Every structure is written in structure tokens, then in C-alpha cells.
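Novice: Provided herewith: coords-v9.csv, CSV, C-alpha atoms.
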```
chain,number,residue,atom,x,y,z
Y,1,MET,CA,-41.5,5.2,15.7
Y,2,ASN,CA,-41.2,2.6,18.5
Y,3,ILE,CA,-38.2,0.4,19.0
Y,4,PHE,CA,-39.9,-2.6,17.4
Y,5,ASN,CA,-40.6,-0.7,14.2
Y,6,ARG,CA,-37.0,0.6,14.1
Y,7,ILE,CA,-35.6,-2.9,14.4
Y,8,VAL,CA,-37.9,-4.1,11.6
Y,9,GLY,CA,-36.8,-1.2,9.5
Y,10,MET,CA,-33.1,-2.0,10.0
Y,11,LEU,CA,-33.6,-5.6,9.2
Y,12,VAL,CA,-35.4,-4.7,6.0
Y,13,LEU,CA,-32.6,-2.3,4.9
Y,14,ALA,CA,-30.0,-5.0,5.7
Y,15,THR,CA,-31.9,-7.6,3.6
Y,16,VAL,CA,-32.2,-5.2,0.7
Y,17,SER,CA,-28.5,-4.3,0.9
Y,18,ILE,CA,-27.4,-8.0,0.9
Y,19,GLY,CA,-29.8,-8.7,-1.9
Y,20,ALA,CA,-28.4,-5.8,-4.0
Y,21,TRP,CA,-25.0,-7.4,-4.0
Y,22,ALA,CA,-26.0,-11.0,-4.2
Y,23,GLU,CA,-25.7,-10.9,-8.0
Y,24,PHE,CA,-22.3,-9.1,-8.1
Y,25,PRO,CA,-21.0,-8.8,-10.7
Y,26,ASP,CA,-23.7,-8.2,-13.2
Y,27,LYS,CA,-21.6,-6.2,-15.6
Y,28,PRO,CA,-17.9,-6.0,-16.7
Y,29,VAL,CA,-15.3,-5.3,-14.1
Y,30,THR,CA,-12.4,-2.9,-14.9
Y,31,LEU,CA,-8.8,-3.4,-13.8
Y,32,ILE,CA,-7.0,-0.1,-13.7
Y,33,VAL,CA,-3.2,-0.5,-14.4
Y,34,PRO,CA,-1.4,2.8,-13.5
Y,35,PHE,CA,1.2,2.3,-16.2
Y,36,ALA,CA,1.4,2.2,-20.0
Y,37,ALA,CA,0.4,-0.7,-22.1
Y,38,GLY,CA,3.1,-3.3,-22.8
Y,39,GLY,CA,5.0,-3.0,-19.5
Y,40,PRO,CA,5.3,-5.8,-16.9
Y,41,SER,CA,2.4,-4.6,-14.8
Y,42,ASP,CA,0.2,-4.4,-17.9
Y,43,LYS,CA,1.1,-8.0,-18.9
Y,44,ILE,CA,0.3,-9.2,-15.4
Y,45,ALA,CA,-3.0,-7.4,-15.3
Y,46,ARG,CA,-4.1,-8.8,-18.7
Y,47,ASP,CA,-3.2,-12.4,-17.6
Y,48,LEU,CA,-5.1,-11.8,-14.4
Y,49,ALA,CA,-8.1,-10.4,-16.2
Y,50,GLU,CA,-8.4,-13.5,-18.4
Y,51,ALA,CA,-8.1,-15.8,-15.3
Y,52,LEU,CA,-10.7,-13.7,-13.4
Y,53,ARG,CA,-13.3,-13.9,-16.2
Y,54,LYS,CA,-14.4,-17.5,-15.3
Y,55,PRO,CA,-14.8,-17.2,-11.5
Y,56,LEU,CA,-16.5,-13.8,-11.8
Y,57,GLY,CA,-18.7,-14.8,-14.8
Y,58,GLN,CA,-18.1,-11.5,-16.4
Y,59,THR,CA,-15.7,-9.8,-18.9
Y,60,VAL,CA,-12.8,-8.2,-17.1
Y,61,ILE,CA,-11.4,-5.1,-18.9
Y,62,VAL,CA,-7.9,-3.7,-18.5
Y,63,ASP,CA,-7.7,0.1,-18.6
Y,64,ASN,CA,-4.2,1.8,-18.6
Y,65,ALA,CA,-4.1,5.0,-16.7
Y,66,GLY,CA,-0.3,5.7,-16.6
Y,67,GLY,CA,1.6,8.7,-15.4
Y,68,ALA,CA,3.4,10.1,-12.3
Y,69,GLY,CA,4.9,6.8,-11.3
Y,70,GLY,CA,1.5,5.1,-11.0
Y,71,THR,CA,-0.1,7.7,-8.8
Y,72,ILE,CA,-2.5,8.9,-11.4
Y,73,GLY,CA,-4.1,5.5,-11.9
Y,74,ALA,CA,-4.1,4.8,-8.1
Y,75,THR,CA,-5.8,8.1,-7.4
Y,76,LYS,CA,-8.4,7.3,-10.1
Y,77,VAL,CA,-9.4,4.1,-8.3
Y,78,ALA,CA,-9.3,5.7,-4.8
Y,79,LYS,CA,-11.9,8.1,-6.0
Y,80,ALA,CA,-14.0,5.6,-8.0
Y,81,SER,CA,-17.4,4.4,-6.9
Y,82,PRO,CA,-16.9,1.7,-4.2
Y,83,ASP,CA,-19.0,-0.9,-5.9
Y,84,GLY,CA,-16.4,-3.5,-6.9
Y,85,TYR,CA,-16.5,-2.7,-10.6
Y,86,THR,CA,-13.3,-0.6,-10.6
Y,87,LEU,CA,-10.2,-2.2,-9.2
Y,88,LEU,CA,-6.5,-1.4,-9.1
Y,89,VAL,CA,-3.6,-3.7,-10.0
Y,90,HIS,CA,-0.4,-2.0,-8.6
Y,91,HIS,CA,3.1,-3.1,-7.9
Y,92,ILE,CA,5.6,-2.3,-5.2
Y,93,GLY,CA,5.0,1.4,-5.9
Y,94,MET,CA,2.0,1.2,-3.7
Y,95,SER,CA,4.3,1.1,-0.7
Y,96,THR,CA,6.9,3.6,-1.9
Y,97,ALA,CA,4.6,6.4,-3.2
Y,98,PRO,CA,4.2,8.0,0.3
Y,99,ALA,CA,7.9,8.4,0.6
Y,100,LEU,CA,8.6,9.4,-3.0
Y,101,TYR,CA,5.8,12.0,-3.4
Y,102,ARG,CA,5.1,14.9,-1.1
Y,103,LYS,CA,1.6,15.3,-2.6
Y,104,LEU,CA,-0.6,12.3,-3.2
Y,105,GLY,CA,-4.2,12.1,-4.2
Y,106,PHE,CA,-4.7,9.1,-1.9
Y,107,LYS,CA,-3.6,7.5,1.4
Y,108,VAL,CA,-2.5,4.0,0.9
Y,109,LEU,CA,-3.7,2.5,4.1
Y,110,GLU,CA,-6.9,4.5,4.3
Y,111,ASP,CA,-8.3,4.9,0.8
Y,112,PHE,CA,-8.2,1.3,-0.4
Y,113,GLU,CA,-9.6,-2.1,0.5
Y,114,PHE,CA,-6.8,-4.8,0.2
Y,115,LEU,CA,-7.9,-7.8,-1.8
Y,116,GLY,CA,-4.8,-9.9,-1.8
Y,117,LEU,CA,-1.3,-10.1,-3.2
Y,118,ILE,CA,-1.0,-11.5,-6.8
Y,119,ASN,CA,2.6,-12.4,-7.3
Y,120,GLU,CA,6.2,-11.4,-6.7
Y,121,ALA,CA,9.3,-11.4,-8.9
Y,122,PRO,CA,13.0,-10.7,-8.6
Y,123,SER,CA,14.8,-8.3,-10.8
Y,124,VAL,CA,18.0,-8.9,-12.8
Y,125,LEU,CA,21.0,-6.7,-12.8
Y,126,ILE,CA,22.0,-6.3,-16.4
Y,127,GLY,CA,24.6,-4.3,-18.3
Y,128,LYS,CA,25.3,-2.9,-21.8
Y,129,PRO,CA,26.7,-5.5,-24.2
Y,130,GLY,CA,30.2,-3.9,-24.4
Y,131,LEU,CA,30.7,-3.6,-20.7
Y,132,ALA,CA,34.2,-4.6,-19.6
Y,133,ALA,CA,33.0,-7.0,-16.9
Y,134,ASN,CA,32.0,-10.6,-17.3
Y,135,ASN,CA,30.8,-11.5,-13.8
Y,136,PHE,CA,29.7,-9.6,-10.7
Y,137,ALA,CA,33.1,-9.6,-9.1
Y,138,ASP,CA,34.5,-8.0,-12.2
Y,139,LEU,CA,31.6,-5.5,-12.3
Y,140,ARG,CA,32.1,-4.5,-8.7
Y,141,THR,CA,35.8,-3.8,-9.5
Y,142,TRP,CA,34.8,-1.9,-12.6
Y,143,ILE,CA,32.3,0.3,-10.7
Y,144,ALA,CA,34.8,1.2,-8.0
Y,145,ALA,CA,37.4,2.1,-10.7
Y,146,ASN,CA,34.9,4.3,-12.5
Y,147,SER,CA,33.4,6.0,-9.5
Y,148,GLY,CA,31.3,9.0,-10.5
Y,149,LYS,CA,31.2,7.8,-14.2
Y,150,VAL,CA,28.8,4.9,-14.0
Y,151,ASN,CA,25.3,5.5,-15.4
Y,152,LEU,CA,22.4,3.5,-13.9
Y,153,ALA,CA,19.2,3.6,-16.0
Y,154,ASN,CA,15.7,3.3,-14.7
Y,155,ALA,CA,12.1,3.5,-16.0
Y,156,GLY,CA,11.3,6.6,-14.0
Y,157,LEU,CA,10.7,7.8,-10.4
Y,158,GLY,CA,9.0,5.1,-8.4
Y,159,SER,CA,9.5,2.4,-11.0
Y,160,ALA,CA,10.7,-1.1,-10.0
Y,161,SER,CA,14.0,-0.4,-11.7
Y,162,HIS,CA,14.4,2.9,-9.8
Y,163,LEU,CA,13.8,1.2,-6.5
Y,164,CYS,CA,16.1,-1.7,-7.2
Y,165,GLY,CA,18.8,0.7,-8.3
Y,166,LEU,CA,18.5,2.6,-5.0
Y,167,MET,CA,18.9,-0.6,-3.0
Y,168,PHE,CA,21.9,-1.6,-5.2
Y,169,GLN,CA,23.7,1.7,-4.6
Y,170,ASN,CA,22.9,1.5,-0.9
Y,171,ALA,CA,24.3,-2.1,-0.7
Y,172,LEU,CA,27.5,-1.1,-2.6
Y,173,LYS,CA,27.8,2.2,-0.6
Y,174,ILE,CA,28.6,3.9,-4.0
Y,175,ASN,CA,26.5,6.6,-5.7
Y,176,MET,CA,26.0,6.3,-9.4
Y,177,THR,CA,24.5,8.7,-12.0
Y,178,THR,CA,20.9,7.6,-12.2
Y,179,VAL,CA,19.3,8.2,-15.6
Y,180,PRO,CA,15.5,8.2,-15.5
Y,181,TYR,CA,13.4,7.4,-18.6
Y,182,LYS,CA,9.7,7.6,-19.4
Y,183,GLY,CA,9.2,3.9,-19.2
Y,184,THR,CA,11.1,0.6,-19.4
Y,185,ALA,CA,11.2,0.4,-23.3
Y,186,PRO,CA,13.3,3.5,-23.9
Y,187,ALA,CA,15.6,2.7,-20.9
Y,188,MET,CA,16.2,-0.8,-22.3
Y,189,THR,CA,16.8,0.5,-25.8
Y,190,ASP,CA,19.6,2.9,-24.6
Y,191,LEU,CA,21.1,0.1,-22.5
Y,192,ILE,CA,21.2,-2.2,-25.5
Y,193,GLY,CA,22.7,0.6,-27.5
Y,194,GLY,CA,25.4,1.3,-25.0
Y,195,GLN,CA,24.2,4.9,-24.0
Y,196,VAL,CA,23.9,3.8,-20.3
Y,197,ASP,CA,25.9,1.2,-18.4
Y,198,LEU,CA,23.6,-0.7,-16.0
Y,199,MET,CA,20.0,-1.3,-15.2
Y,200,CYS,CA,18.2,-3.3,-12.5
Y,201,GLU,CA,15.1,-4.6,-14.3
Y,202,GLN,CA,12.3,-7.1,-13.6
Y,203,ALA,CA,13.0,-10.5,-14.9
Y,204,THR,CA,9.7,-10.2,-16.9
Y,205,ASN,CA,11.4,-7.7,-19.2
Y,206,ALA,CA,15.0,-8.7,-18.9
Y,207,VAL,CA,14.7,-12.4,-19.9
Y,208,PRO,CA,14.0,-11.7,-23.6
Y,209,GLN,CA,17.0,-9.4,-23.9
Y,210,ILE,CA,19.2,-11.9,-22.1
Y,211,GLU,CA,18.0,-14.7,-24.4
Y,212,GLY,CA,18.8,-12.6,-27.4
Y,213,LYS,CA,22.3,-11.8,-26.0
Y,214,LYS,CA,21.6,-8.1,-26.2
Y,215,VAL,CA,22.6,-7.4,-22.6
Y,216,LYS,CA,25.0,-8.9,-20.0
Y,217,VAL,CA,23.5,-10.4,-16.9
Y,218,TYR,CA,25.3,-10.1,-13.5
Y,219,GLY,CA,22.9,-11.5,-11.0
Y,220,VAL,CA,19.3,-11.8,-9.8
Y,221,THR,CA,17.9,-10.0,-6.8
Y,222,SER,CA,16.1,-12.9,-5.1
Y,223,LEU,CA,17.7,-15.0,-2.4
Y,224,GLN,CA,17.3,-18.1,-4.6
Y,225,ARG,CA,18.5,-18.7,-8.1
Y,226,LEU,CA,15.7,-18.6,-10.8
Y,227,PRO,CA,14.7,-21.8,-12.6
Y,228,ILE,CA,14.6,-20.1,-16.0
Y,229,PRO,CA,16.9,-21.4,-18.8
Y,230,ALA,CA,18.2,-17.9,-19.6
Y,231,LEU,CA,19.2,-17.4,-16.0
Y,232,LYS,CA,20.3,-20.8,-15.0
Y,233,ASP,CA,23.9,-19.7,-14.5
Y,234,ALA,CA,23.1,-16.3,-13.0
Y,235,PRO,CA,24.0,-16.1,-9.3
Y,236,THR,CA,22.0,-14.2,-6.7
Y,237,LEU,CA,23.5,-10.9,-5.8
Y,238,SER,CA,23.5,-12.2,-2.2
Y,239,GLU,CA,25.8,-15.2,-3.0
Y,240,ALA,CA,27.9,-12.9,-5.3
Y,241,GLY,CA,28.8,-10.7,-2.4
Y,242,LEU,CA,25.9,-8.4,-1.4
Y,243,LYS,CA,24.8,-10.4,1.7
Y,244,ASP,CA,21.0,-10.7,2.1
Y,245,PHE,CA,20.3,-8.5,-0.9
Y,246,ASN,CA,16.6,-9.2,-1.7
Y,247,VAL,CA,14.4,-7.0,-3.9
Y,248,GLN,CA,11.1,-8.5,-4.9
Y,249,VAL,CA,8.7,-6.7,-7.2
Y,250,TRP,CA,5.2,-7.6,-6.2
Y,251,HIS,CA,1.7,-6.8,-7.4
Y,252,GLY,CA,-1.5,-6.6,-5.5
Y,253,LEU,CA,-5.2,-6.1,-6.1
Y,254,TYR,CA,-7.2,-3.2,-4.5
Y,255,ALA,CA,-10.7,-1.8,-4.4
Y,256,PRO,CA,-11.9,1.7,-3.3
Y,257,ARG,CA,-12.5,2.1,0.4
Y,258,GLY,CA,-16.1,1.5,1.3
Y,259,THR,CA,-16.7,-1.3,-1.1
Y,260,PRO,CA,-19.3,-3.6,0.6
Y,261,PRO,CA,-17.9,-6.6,2.5
Y,262,ALA,CA,-20.0,-9.0,0.4
Y,263,VAL,CA,-18.4,-7.7,-2.8
Y,264,LEU,CA,-14.9,-7.8,-1.2
Y,265,ALA,CA,-15.4,-11.4,-0.2
Y,266,ARG,CA,-16.6,-12.3,-3.7
Y,267,LEU,CA,-13.6,-10.6,-5.3
Y,268,ASN,CA,-11.1,-12.2,-2.9
Y,269,ALA,CA,-12.6,-15.6,-3.7
Y,270,ALA,CA,-12.4,-15.0,-7.4
Y,271,LEU,CA,-8.7,-13.9,-7.0
Y,272,ARG,CA,-7.9,-17.1,-5.2
Y,273,LEU,CA,-9.4,-19.2,-7.9
Y,274,ALA,CA,-7.7,-17.1,-10.7
Y,275,LEU,CA,-4.3,-17.7,-9.1
Y,276,LYS,CA,-4.8,-21.4,-9.3
Y,277,ASP,CA,-5.6,-21.3,-13.0
Y,278,PRO,CA,-3.0,-23.6,-14.7
Y,279,GLU,CA,-2.6,-21.3,-17.7
Y,280,LEU,CA,-2.0,-18.2,-15.5
Y,281,VAL,CA,0.5,-20.1,-13.3
Y,282,LYS,CA,2.3,-21.3,-16.4
Y,283,ARG,CA,2.6,-17.8,-17.9
Y,284,GLN,CA,3.7,-16.3,-14.6
Y,285,GLU,CA,6.4,-18.9,-13.9
Y,286,ALA,CA,7.7,-18.6,-17.5
Y,287,LEU,CA,8.5,-14.9,-16.7
Y,288,GLY,CA,10.1,-15.7,-13.4
Y,289,LEU,CA,7.1,-14.7,-11.3
Y,290,SER,CA,5.9,-16.6,-8.3
Y,291,VAL,CA,2.1,-16.7,-7.8
Y,292,ILE,CA,1.1,-16.0,-4.2
Y,293,SER,CA,-0.4,-18.8,-2.2
Y,294,ASP,CA,0.5,-17.8,1.4
Y,295,GLY,CA,-1.2,-15.6,4.0
Y,296,ARG,CA,-0.6,-12.5,1.9
Y,297,LEU,CA,-3.5,-13.6,-0.3
Y,298,ASP,CA,-5.7,-12.9,2.6
Y,299,PRO,CA,-6.8,-9.2,2.7
Y,300,ALA,CA,-5.4,-8.7,6.2
Y,301,GLY,CA,-2.2,-10.4,5.4
Y,302,HIS,CA,-1.9,-8.2,2.2
Y,303,LYS,CA,-2.3,-5.0,4.2
Y,304,LYS,CA,0.2,-6.0,6.9
Y,305,PHE,CA,2.7,-6.8,4.2
Y,306,VAL,CA,2.3,-3.5,2.5
Y,307,GLU,CA,2.7,-1.7,5.8
Y,308,ALA,CA,6.0,-3.5,6.4
Y,309,GLU,CA,7.2,-2.6,2.8
Y,310,MET,CA,6.3,1.0,3.4
Y,311,ALA,CA,8.5,1.1,6.5
Y,312,ARG,CA,11.3,-0.7,4.7
Y,313,TRP,CA,11.4,1.5,1.6
Y,314,SER,CA,10.8,4.8,3.4
Y,315,LYS,CA,14.3,4.8,4.9
Y,316,VAL,CA,16.0,3.8,1.6
Y,317,ILE,CA,14.2,6.5,-0.3
Y,318,LYS,CA,14.8,9.2,2.3
Y,319,ASP,CA,18.5,8.3,2.6
Y,320,ALA,CA,18.8,8.7,-1.2
Y,321,GLY,CA,17.0,12.0,-1.1
Y,322,GLU,CA,15.0,11.2,-4.2
Y,323,TYR,CA,11.5,12.4,-4.2
Y,324,ALA,CA,9.0,14.4,-6.4
Y,325,ASP,CA,6.8,17.3,-5.5
```
Could the structure of this file be written out as C-alpha cells, please?
Specialist:
Amino acid sequence: MNIFNRIVGMLVLATVSIGAWAEFPDKPVTLIVPFAAGGPSDKIARDLAEALRKPLGQTVIVDNAGGAGGTIGATKVAKASPDGYTLLVHHIGMSTAPALYRKLGFKVLEDFEFLGLINEAPSVLIGKPGLAANNFADLRTWIAANSGKVNLANAGLGSASHLCGLMFQNALKINMTTVPYKGTAPAMTDLIGGQVDLMCEQATNAVPQIEGKKVKVYGVTSLQRLPIPALKDAPTLSEAGLKDFNVQVWHGLYAPRGTPPAVLARLNAALRLALKDPELVKRQEALGLSVISDGRLDPAGHKKFVEAEMARWSKVIKDAGEYAD
């Protein structure tokens, strides 16, 4: 075959390839959530699925594939066909898994295409209803007086509450007894029942309990106070004494590595439109979530952000010595 025929052949193949993806998507798209139904990540994914339906022109299905701190679902997507029909909605755990787990079925920066950050949200430091502390200053004194006896609940290794708890202990320079649960619901139930003392939980889950006066609130983990009625009087932990304390739980959208560029561009464009949907924005803000509109919505910006988060959390996790085989 001469050079001319080779060039013609390559052009034909390129044209066929572009044409094959011109109609994407032509069937339902699935969002894999690596956590159980009913949790904050699941709620976010279901809102996103509804908002993506219009710009994609297809049904968007949410599939819960929980277990092992989100690594099972992430592995499932990493090994899925790179055709744009199987995507991952994952939170901050995407950046902490490499430090938390010695064995992973994926490499964060190598096995995924980054589609854009979805949102970010602070957590809230909450305590059991009978705790003998009415503000953060009192709480800090109480923790110091009960060194070695304070129980700090979390929703399991790698969960947002676990990570926030590590950062909280690091900031106070005090180790507490961490009590891991198999999910947010049982951890919250025991906190409300007084079986554990404290928990650092996403505002998404904490607000209903605060509104019902089932738990005490001591502060939010953002650098600004939250414009939510239930938290209008809650200080930031930074202003309460833990200078520059800032823990944001974020969610991003990912595709398997090797997904065609045309499909990635289509998905990113759909994500941008979805995050401007008034109903989605309203629901997110009601839960204390901020919808992303900055450079992290760009795939390159998203990946750069995750790299920085990986570096940040690696030291915190390794210093704490908490990891899984």
C-alpha cells in the first residue's frame, strides 16, 4: 500500500470513529455511586442524574455499588467499557484512597478521565444531646479534661466523617477513640442515643438532626459561616479557635480511561449545563452544598485539584497511621 492509500485509509477510519460517537448518548447512562443508597453521595448523584437527563437527552440511572470505603464502586468504573455509558460520582475519598489502602484495584490519576468537580460542602462538628458543653470553648475544655475517654464516631474508613475526624484530632493535638460504623445512619443513631460523644459529619446529613434538636452543634468546618437557618449561629471552627481549619467534602464526575475525546467533551458540556439547573442549585444550597462554577469544572482543573488533595491528605492519614490492607 502506498503512502497515498495509507492516508486515505486513516482519514476514512477517523471519519467513521467521529461518526460513531456523533450520536452519543443513544441509550441510558449509568452513574455508579460507590456507597449505599440514602447517604449524601447517593442524594447528590440522584439530583445530578435528574439534571443531566435533559442535556444528554437520555435517562440517567444511579447504581449503588458500595463497600470498602468506595473502592469497590470506583474499581468497577475503572474496569468498565470506556464508552461514556458508565460514570463514577465519587467524593473526597477519591483523593484519600491511595493513602488509606495498600491494595487498590485502580490508580486514581491513571485509570480515570476527569470530567469536572460537581460541588463541595463543609461538615459540622456535632455532639450527643447530653454532652456537658454548650459551645466550642466548653467542648475543648471538656475534651482536654476527659483525655483518652472521648469517643469520636465515623461512618467507616475513608468516609468524610473519618477524614474530618482525623483533621480535627490533628488540629487539637489530641487523640480520641475513633469508633467506625458501617455507614452514616448507624453512627448518627448511636450519637443521638448517647453511645458515642462526637461526630464530624457532612452538613447534608447533620442539618435535619440539628433542626430536630437531636444533637448539639459546635461549629462548621468551612472558613465562612453557612447561610442555613439551622446553622445561622454556628461559628466556623477557625474563628472558634482552630485557625485555618478547613475541611470541604467535594464530589466529582469520572469516566474510565480511554473514553473517546468527543464523548468526554459531550459529558463535560452536559455537566456544565446540569450544574446551572435552577432546581439542582436550589436543592444543593438547601443542604449547604456549593455548586462548582470555577476552573475545577474543567477536566484539567479537576485533575489538578485532586492531585493537590492527594498530597494534602496523604500526610494527615500517614501521621494518624490509619489504613486498611
Novice: Nearest residue to Arg46 of chain Y out of Y:Ile61, Y:Ala155, Y:Val108, Y:Ala137, using only C-alpha atoms?
Specialist: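 Distance minimum relative to Arg46 of chain Y lands on Y:Ile61.
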Novice: When you look at Leu125 of chain Y with a cut-off of 12 Å (counting all atoms listed in the file), what residues show up, excluding the ones that are within fewer than 2 positions of it in the same chain? I need them as a PyMOL selection string.
Specialist: chain Y and resi 122-123+127-128+135-136+139+152-154+161+164-165+167-168+191+197-203+205-207+210+215-222+231+234-237+240+247
Novice: Counting all atoms listed in the file, note down every residue that has an atom within 12 Å of the point (1.9, -7.8, -15.8) (file coordinates), as a PyMOL selection string.
Specialist: chain Y and resi 31-49+62+64+89-91+118-121+202-205+249-252+280+283-284+287-289+291
Novice: Would you mind listing what lies within 10 Å of Ala311 of chain Y as an MDAnalysis selection string, with only C-alpha atoms counted and same-chain residues fewer than 3 positions away left out?
Specialist: chainID Y and resid 95:96 99 306:308 314:316
Novice: Can you write just those residues out, C-alpha atoms, as a tab-separated table (two decimals), in the coordinates of the input?
Specialist:
```tsv
chain	number	residue	atom	x	y	z
Y	95	SER	CA	4.30	1.10	-0.70
Y	96	THR	CA	6.90	3.60	-1.90
Y	99	ALA	CA	7.90	8.40	0.60
Y	306	VAL	CA	2.30	-3.50	2.50
Y	307	GLU	CA	2.70	-1.70	5.80
Y	308	ALA	CA	6.00	-3.50	6.40
Y	314	SER	CA	10.80	4.80	3.40
Y	315	LYS	CA	14.30	4.80	4.90
Y	316	VAL	CA	16.00	3.80	1.60
```
Novice: What separation in Å, quoted to one decimal, exists between atom CA of Asn268 of chain Y and atom CA of Ala68 of chain Y?
Specialist: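 Answer for the atom CA of Asn268 of chain Y to atom CA of Ala68 of chain Y separation: 28.2 Å.
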Novice: When distances are computed from all atoms listed in the file, which of Y:Gln248, Y:Asn151, Y:Ser293, Y:Asn146 shows the smallest separation from Glu309 of chain Y?
Specialist: Y:Gln248
Novice: Limit the output to C-alpha atoms and give segment 80-134 of chain Y as a PDB file, in the first residue's frame.
Specialist:
```pdb
ATOM      1  CA  ALA Y  80     -15.843  -0.589  32.670  1.00  0.00           C
ATOM      2  CA  SER Y  81     -16.020  -0.159  28.920  1.00  0.00           C
ATOM      3  CA  PRO Y  82     -14.632   3.315  28.055  1.00  0.00           C
ATOM      4  CA  ASP Y  83     -17.673   4.347  26.051  1.00  0.00           C
ATOM      5  CA  GLY Y  84     -19.150   7.057  28.278  1.00  0.00           C
ATOM      6  CA  TYR Y  85     -22.116   4.998  29.431  1.00  0.00           C
ATOM      7  CA  THR Y  86     -20.670   4.088  32.846  1.00  0.00           C
ATOM      8  CA  LEU Y  87     -19.524   7.005  35.003  1.00  0.00           C
ATOM      9  CA  LEU Y  88     -18.444   7.463  38.611  1.00  0.00           C
ATOM     10  CA  VAL Y  89     -19.692  10.002  41.138  1.00  0.00           C
ATOM     11  CA  HIS Y  90     -17.198   9.973  43.999  1.00  0.00           C
ATOM     12  CA  HIS Y  91     -16.347  12.254  46.881  1.00  0.00           C
ATOM     13  CA  ILE Y  92     -13.128  13.276  48.626  1.00  0.00           C
ATOM     14  CA  GLY Y  93     -12.346   9.568  49.054  1.00  0.00           C
ATOM     15  CA  MET Y  94     -11.040   9.602  45.502  1.00  0.00           C
ATOM     16  CA  SER Y  95      -8.006  11.535  46.761  1.00  0.00           C
ATOM     17  CA  THR Y  96      -7.512   9.649  50.034  1.00  0.00           C
ATOM     18  CA  ALA Y  97      -7.838   6.033  48.876  1.00  0.00           C
ATOM     19  CA  PRO Y  98      -4.184   5.731  47.761  1.00  0.00           C
ATOM     20  CA  ALA Y  99      -3.007   6.600  51.291  1.00  0.00           C
ATOM     21  CA  LEU Y 100      -5.701   4.614  53.107  1.00  0.00           C
ATOM     22  CA  TYR Y 101      -5.484   1.358  51.160  1.00  0.00           C
ATOM     23  CA  ARG Y 102      -2.339  -0.612  50.474  1.00  0.00           C
ATOM     24  CA  LYS Y 103      -4.073  -2.540  47.706  1.00  0.00           C
ATOM     25  CA  LEU Y 104      -6.330  -0.783  45.216  1.00  0.00           C
ATOM     26  CA  GLY Y 105      -7.927  -2.049  42.037  1.00  0.00           C
ATOM     27  CA  PHE Y 106      -7.232   1.261  40.319  1.00  0.00           C
ATOM     28  CA  LYS Y 107      -4.824   4.182  40.062  1.00  0.00           C
ATOM     29  CA  VAL Y 108      -6.596   7.480  40.552  1.00  0.00           C
ATOM     30  CA  LEU Y 109      -4.542   9.589  38.171  1.00  0.00           C
ATOM     31  CA  GLU Y 110      -4.074   6.907  35.528  1.00  0.00           C
ATOM     32  CA  ASP Y 111      -7.298   4.897  35.283  1.00  0.00           C
ATOM     33  CA  PHE Y 112      -9.871   7.684  35.021  1.00  0.00           C
ATOM     34  CA  GLU Y 113     -10.815  10.575  32.806  1.00  0.00           C
ATOM     35  CA  PHE Y 114     -11.659  13.652  34.907  1.00  0.00           C
ATOM     36  CA  LEU Y 115     -14.926  15.291  33.849  1.00  0.00           C
ATOM     37  CA  GLY Y 116     -15.258  18.097  36.394  1.00  0.00           C
ATOM     38  CA  LEU Y 117     -15.953  18.808  40.037  1.00  0.00           C
ATOM     39  CA  ILE Y 118     -19.642  18.854  40.992  1.00  0.00           C
ATOM     40  CA  ASN Y 119     -19.855  20.511  44.394  1.00  0.00           C
ATOM     41  CA  GLU Y 120     -18.229  20.948  47.750  1.00  0.00           C
ATOM     42  CA  ALA Y 121     -19.626  21.135  51.253  1.00  0.00           C
ATOM     43  CA  PRO Y 122     -18.352  21.673  54.767  1.00  0.00           C
ATOM     44  CA  SER Y 123     -19.011  19.316  57.602  1.00  0.00           C
ATOM     45  CA  VAL Y 124     -20.429  20.101  61.015  1.00  0.00           C
ATOM     46  CA  LEU Y 125     -18.959  19.096  64.351  1.00  0.00           C
ATOM     47  CA  ILE Y 126     -21.835  17.702  66.386  1.00  0.00           C
ATOM     48  CA  GLY Y 127     -22.183  16.047  69.785  1.00  0.00           C
ATOM     49  CA  LYS Y 128     -24.581  13.816  71.680  1.00  0.00           C
ATOM     50  CA  PRO Y 129     -27.576  15.641  73.204  1.00  0.00           C
ATOM     51  CA  GLY Y 130     -26.428  15.226  76.819  1.00  0.00           C
ATOM     52  CA  LEU Y 131     -22.863  16.400  76.303  1.00  0.00           C
ATOM     53  CA  ALA Y 132     -21.727  18.793  79.054  1.00  0.00           C
ATOM     54  CA  ALA Y 133     -20.544  21.526  76.691  1.00  0.00           C
ATOM     55  CA  ASN Y 134     -22.678  24.228  75.106  1.00  0.00           C
TER      56      ASN Y 134
END
```
